[in-house]
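Report on the structure given below.
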There are 2 protein chains.
Amino acid sequence: MQLRNQVEWALHCCSVLAGLPAGRYLSTKALAELHGVPKEYLSKALQGLSQAGLVESTLGPSGGYRLAKTPAQITFLDIVEAVEGKASSFVCDNIRYNNPCLRKGYRASGACAIAQVMWDADQAWRDKLRSVSLADLGKTLRKTVPADILDKTQDWVLERS
Amino acid sequence: MQLRNQVEWALHCCSVLAGLPAGRYLSTKALAELHGVPKEYLSKALQGLSQAGLVESTLGPSGGYRLAKTPAQITFLDIVEAVEGKASSFVCDNIRYNNPCLRKGYRASGACAIAQVMWDADQAWRDKLRSVSLADLGKTLRKTVPADILDKTQDWVLERS
DNA sequence: ATCCTTAAGGATATTATATATCCCTATTAA
DNA sequence: TTAATAGGGATATATAATATCCTTAAGGAT
């Protein structure tokens with residue numbers, strides 16, 4: 001079980017967009033070049049973010065994407081779910097109902113106890129992702145990434161926004 | 001991102017094996033019939049459980065599987081990892097190093113901040129799975145599943161073990 | 001107006017993984 | 001001796017991930 005690589009791409013893109021000055025847009029082309037990923041495919045991930053209302057886009061030259069909310073309002077969970085979907089990682093096929101001891105068509109009132117545990121774990125994963133915002137990520141980056149790298153990257157981005 | 005169906009199968013099989021009297025084995029054939037899943041493919045999942053040391057097997061007629069530990073010693077995480085593997089759901093490809101502002105070959109001292117968050121969430125998921133044992137599951141089942149169903153199923157299993 | 005650049009999205013191709021199925025072997029109980 | 005079993009390798013099929021290509025509509029620059 002593995003998240004698609006677009007999740008990583010989307011998170012990094014949002015991290016960059018979070019540092020963009022108000023009113024500026026950054027293009028798919030620039031984001032793809034910055035991260036070394038195929039532009040057309042990255043575009044699909046960004047479209048997902050757009051449809052989820054996390055980013056907004058504009059067309060034409062100097063067009064591209066910017067965040068649709070403040071970095072504090074966007075969580076890792078928002079981004080992961082925009083790309084990966086909201087479905088639980090565990091799908092219960094209710095194989096319990098294949099039990100030959102049950103009369104055909106029998107359905108229990110409650111959820112499968114096994115599925116419930118798996119879904120609780122999925123929820124714990126989502127809770128953790130919901131607890132970290134892009135603003136939090138920015139703070140961590142400013143603490144851990146050398147300032148000259150952040151500065152140079154910011155210049156690179158501004159030239160293209 | 002979805003766990004493979006073998007995870008569900010393995011969990012249900014372990015749940016059944018947890019109810020087996022000491023010394024008895026239950027065959028792949030019986031487990032497959034009970035759950036309505038293909039025997040040969042289920043066999044792969046059971047082999048995974050065996051290699052992980054969760055169950056032990058014996059050959060020949062009246063052969064099959066039984067738990068290698070007490071139900072209290074086996075957690076959901078053990079079973080999930082036996083089938084799905086221990087790798088994190090998030091793979092960090094370090095696309096941060098594609099940043100054209102970095103000198104070629106630059107490597108940071110710490111982990112990618114984005115990956116760290118994703119790995120923490122993965123850990124939260126695993127922690128939750130680790131907190132529930134087969135013994136806990138059994139308690140829940142005895143509380144929520146009608147007694148006559150449990151009894152009939154137990155008889156069905158004993159006939160084949 | 002015209003041209004270039006962009007996002008949006010549909011269609012298609014390629015690759016990897018999940019889901020099986022089949023077959024052979026060694027082991028064990030009856 | 002025989003039949004049933006787990007183990008495991010080889011192979012087939014289906015589905016999903018990854019990627020590319022192309023068309024369209026919109027926005028900005030000239």
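Residues in the structure tokens are named by chain (A, B, ... in the order shown) and by number from 1 within that chain; ligands are numbered from 1 in the order shown.
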Kindly determine which residues of chain A lie within 8 Å of chain D, considering only C-alpha atoms (C1' of nucleotides), and give the answer as an mmCIF file with N, CA and C atoms, in the first residue's frame.
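And here's selection.cif as it stands now:
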data_model
loop_
_atom_site.group_PDB
_atom_site.id
_atom_site.type_symbol
_atom_site.label_atom_id
_atom_site.label_comp_id
_atom_site.auth_asym_id
_atom_site.auth_seq_id
_atom_site.Cartn_x
_atom_site.Cartn_y
_atom_site.Cartn_z
ATOM 1 N N ARG A 4 0.365 7.632 -3.932
ATOM 2 C CA ARG A 4 0.949 7.937 -5.237
ATOM 3 C C ARG A 4 1.948 9.091 -5.125
ATOM 4 N N PRO A 38 7.454 15.574 -14.278
ATOM 5 C CA PRO A 38 6.827 15.850 -15.562
ATOM 6 C C PRO A 38 5.662 16.835 -15.433
ATOM 7 N N GLU A 40 3.117 17.707 -17.377
ATOM 8 C CA GLU A 40 1.746 17.314 -17.724
ATOM 9 C C GLU A 40 1.106 16.495 -16.618
ATOM 10 N N TYR A 41 1.911 15.648 -16.008
ATOM 11 C CA TYR A 41 1.351 14.784 -14.967
ATOM 12 C C TYR A 41 1.173 15.557 -13.668
ATOM 13 N N THR A 58 -5.234 30.989 -12.677
ATOM 14 C CA THR A 58 -5.587 31.976 -13.691
ATOM 15 C C THR A 58 -4.838 31.636 -14.969
ATOM 16 N N LEU A 59 -5.411 32.034 -16.086
ATOM 17 C CA LEU A 59 -4.886 31.633 -17.387
ATOM 18 C C LEU A 59 -3.926 32.676 -17.953
ATOM 19 N N GLY A 60 -3.420 32.348 -19.114
ATOM 20 C CA GLY A 60 -2.587 33.287 -19.855
ATOM 21 C C GLY A 60 -1.171 33.422 -19.316
ATOM 22 N N PRO A 61 -0.358 34.230 -20.000
ATOM 23 C CA PRO A 61 1.006 34.484 -19.537
ATOM 24 C C PRO A 61 0.945 35.066 -18.124
ATOM 25 N N SER A 62 1.893 34.691 -17.302
ATOM 26 C CA SER A 62 1.920 35.034 -15.876
ATOM 27 C C SER A 62 0.768 34.362 -15.129
ATOM 28 N N GLY A 63 0.149 33.391 -15.780
ATOM 29 C CA GLY A 63 -0.889 32.628 -15.098
ATOM 30 C C GLY A 63 -0.259 31.518 -14.267
#
Query raised in the report: Among chain A, which residues carry a DSSP assignment of strand (DSSP E), reported as a ChimeraX atom specification?
Result: /A:55-58,64-67
Could I get the residues of chain C with an atom no further than 10 Å from an atom of chain A, each paired with its nearest atom pair and that distance in Å to one decimal, using only C-alpha atoms (C1' of nucleotides), sorted by chain and residue number, as a tab-separated table?
residue	atom	partner	partner_atom	distance
C:DC4	C1'	A:Pro61	CA	7.8
C:DT5	C1'	A:Pro61	CA	4.5
C:DT6	C1'	A:Gly60	CA	4.2
C:DA7	C1'	A:Leu59	CA	5.8
C:DA8	C1'	A:Gln47	CA	7.7
C:DG9	C1'	A:Lys44	CA	9.1
C:DT17	C1'	A:Met1	CA	9.8
Write out the residues from the selection above, keeping C-alpha atoms (C1' of nucleotides), as a short mmCIF file (atom, residue, chain, number, x, y, z; two decimals), in the first residue's frame.
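result-v6.cif, written as the output of this step:
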data_model
loop_
_atom_site.label_atom_id
_atom_site.label_comp_id
_atom_site.auth_asym_id
_atom_site.auth_seq_id
_atom_site.Cartn_x
_atom_site.Cartn_y
_atom_site.Cartn_z
"C1'" DC C 4 1.57 33.49 -27.26
"C1'" DT C 5 1.04 31.38 -22.84
"C1'" DT C 6 -1.54 29.27 -19.67
"C1'" DA C 7 -5.06 25.86 -17.06
"C1'" DA C 8 -8.66 22.30 -17.89
"C1'" DG C 9 -9.62 18.18 -19.25
"C1'" DT C 17 0.98 -3.90 -8.89
#
Quick one: which residues from chain B are at most 8 Å off chain A, using only C-alpha atoms, as a short mmCIF file (atom, residue, chain, number, x, y, z; two decimals) with C-alpha atoms, in the first residue's frame?
data_model
loop_
_atom_site.label_atom_id
_atom_site.label_comp_id
_atom_site.auth_asym_id
_atom_site.auth_seq_id
_atom_site.Cartn_x
_atom_site.Cartn_y
_atom_site.Cartn_z
CA MET B 1 -4.24 4.00 -1.80
CA GLN B 2 -5.85 0.79 -0.72
CA LEU B 3 -4.78 -2.18 1.34
CA ARG B 4 -4.96 -5.44 -0.55
CA ASN B 5 -7.92 -7.70 0.03
CA GLU B 8 -9.04 -8.46 5.22
CA TRP B 9 -8.78 -12.19 4.59
CA LEU B 11 -7.52 -10.71 9.73
CA HIS B 12 -10.65 -12.84 9.48
CA LEU B 34 -15.75 -20.12 5.31
CA HIS B 35 -14.94 -16.74 3.81
CA GLY B 36 -15.81 -17.41 0.19
CA GLU B 84 1.21 -5.72 3.44
CA SER B 88 5.61 3.35 5.15
CA SER B 89 2.71 4.35 2.94
CA PHE B 90 4.63 7.51 2.08
CA VAL B 91 7.76 7.22 0.01
CA CYS B 92 9.95 10.31 -0.04
CA ILE B 95 12.29 15.91 -4.92
CA ARG B 96 13.56 18.81 -2.82
CA TYR B 97 17.01 18.01 -4.18
CA ASN B 98 15.88 18.82 -7.71
CA ASN B 99 15.75 22.47 -6.67
CA PRO B 100 17.97 24.17 -9.29
CA CYS B 101 19.20 26.63 -6.65
CA LEU B 102 21.10 23.87 -4.86
CA GLY B 110 17.88 16.08 8.42
CA ALA B 113 10.07 18.10 6.72
CA ILE B 114 7.18 16.99 4.55
CA VAL B 117 4.90 14.66 8.85
CA MET B 118 3.76 11.86 6.57
CA ASP B 120 4.47 10.56 11.79
CA ALA B 121 0.96 9.99 10.47
CA ASP B 122 1.93 6.54 9.27
CA GLN B 123 3.25 5.85 12.76
CA ALA B 124 -0.03 6.99 14.31
CA TRP B 125 -1.83 4.49 12.06
CA ARG B 126 0.48 1.70 13.13
CA LYS B 128 -3.54 2.34 16.56
CA LEU B 129 -3.29 -1.07 14.89
CA VAL B 132 -5.74 -3.94 19.32
CA LEU B 137 -11.28 -8.56 18.81
CA THR B 140 -15.85 -7.42 20.80
CA LEU B 141 -17.22 -10.26 18.70
CA THR B 144 -21.75 -7.88 19.30
CA ILE B 149 -24.09 -17.49 15.11
CA LYS B 152 -22.87 -22.56 14.86
CA THR B 153 -19.69 -21.20 13.32
CA TRP B 156 -18.60 -25.75 11.68
#
Report task. Enumerate, as a ChimeraX atom specification, the complete set of residues in chain B that a backbone-based DSSP assignment places in helix (DSSP H, G or I). Result -> /B:5-17,28-35,39-51,71-73,76-84,95-98,113-130,134-144,147-160
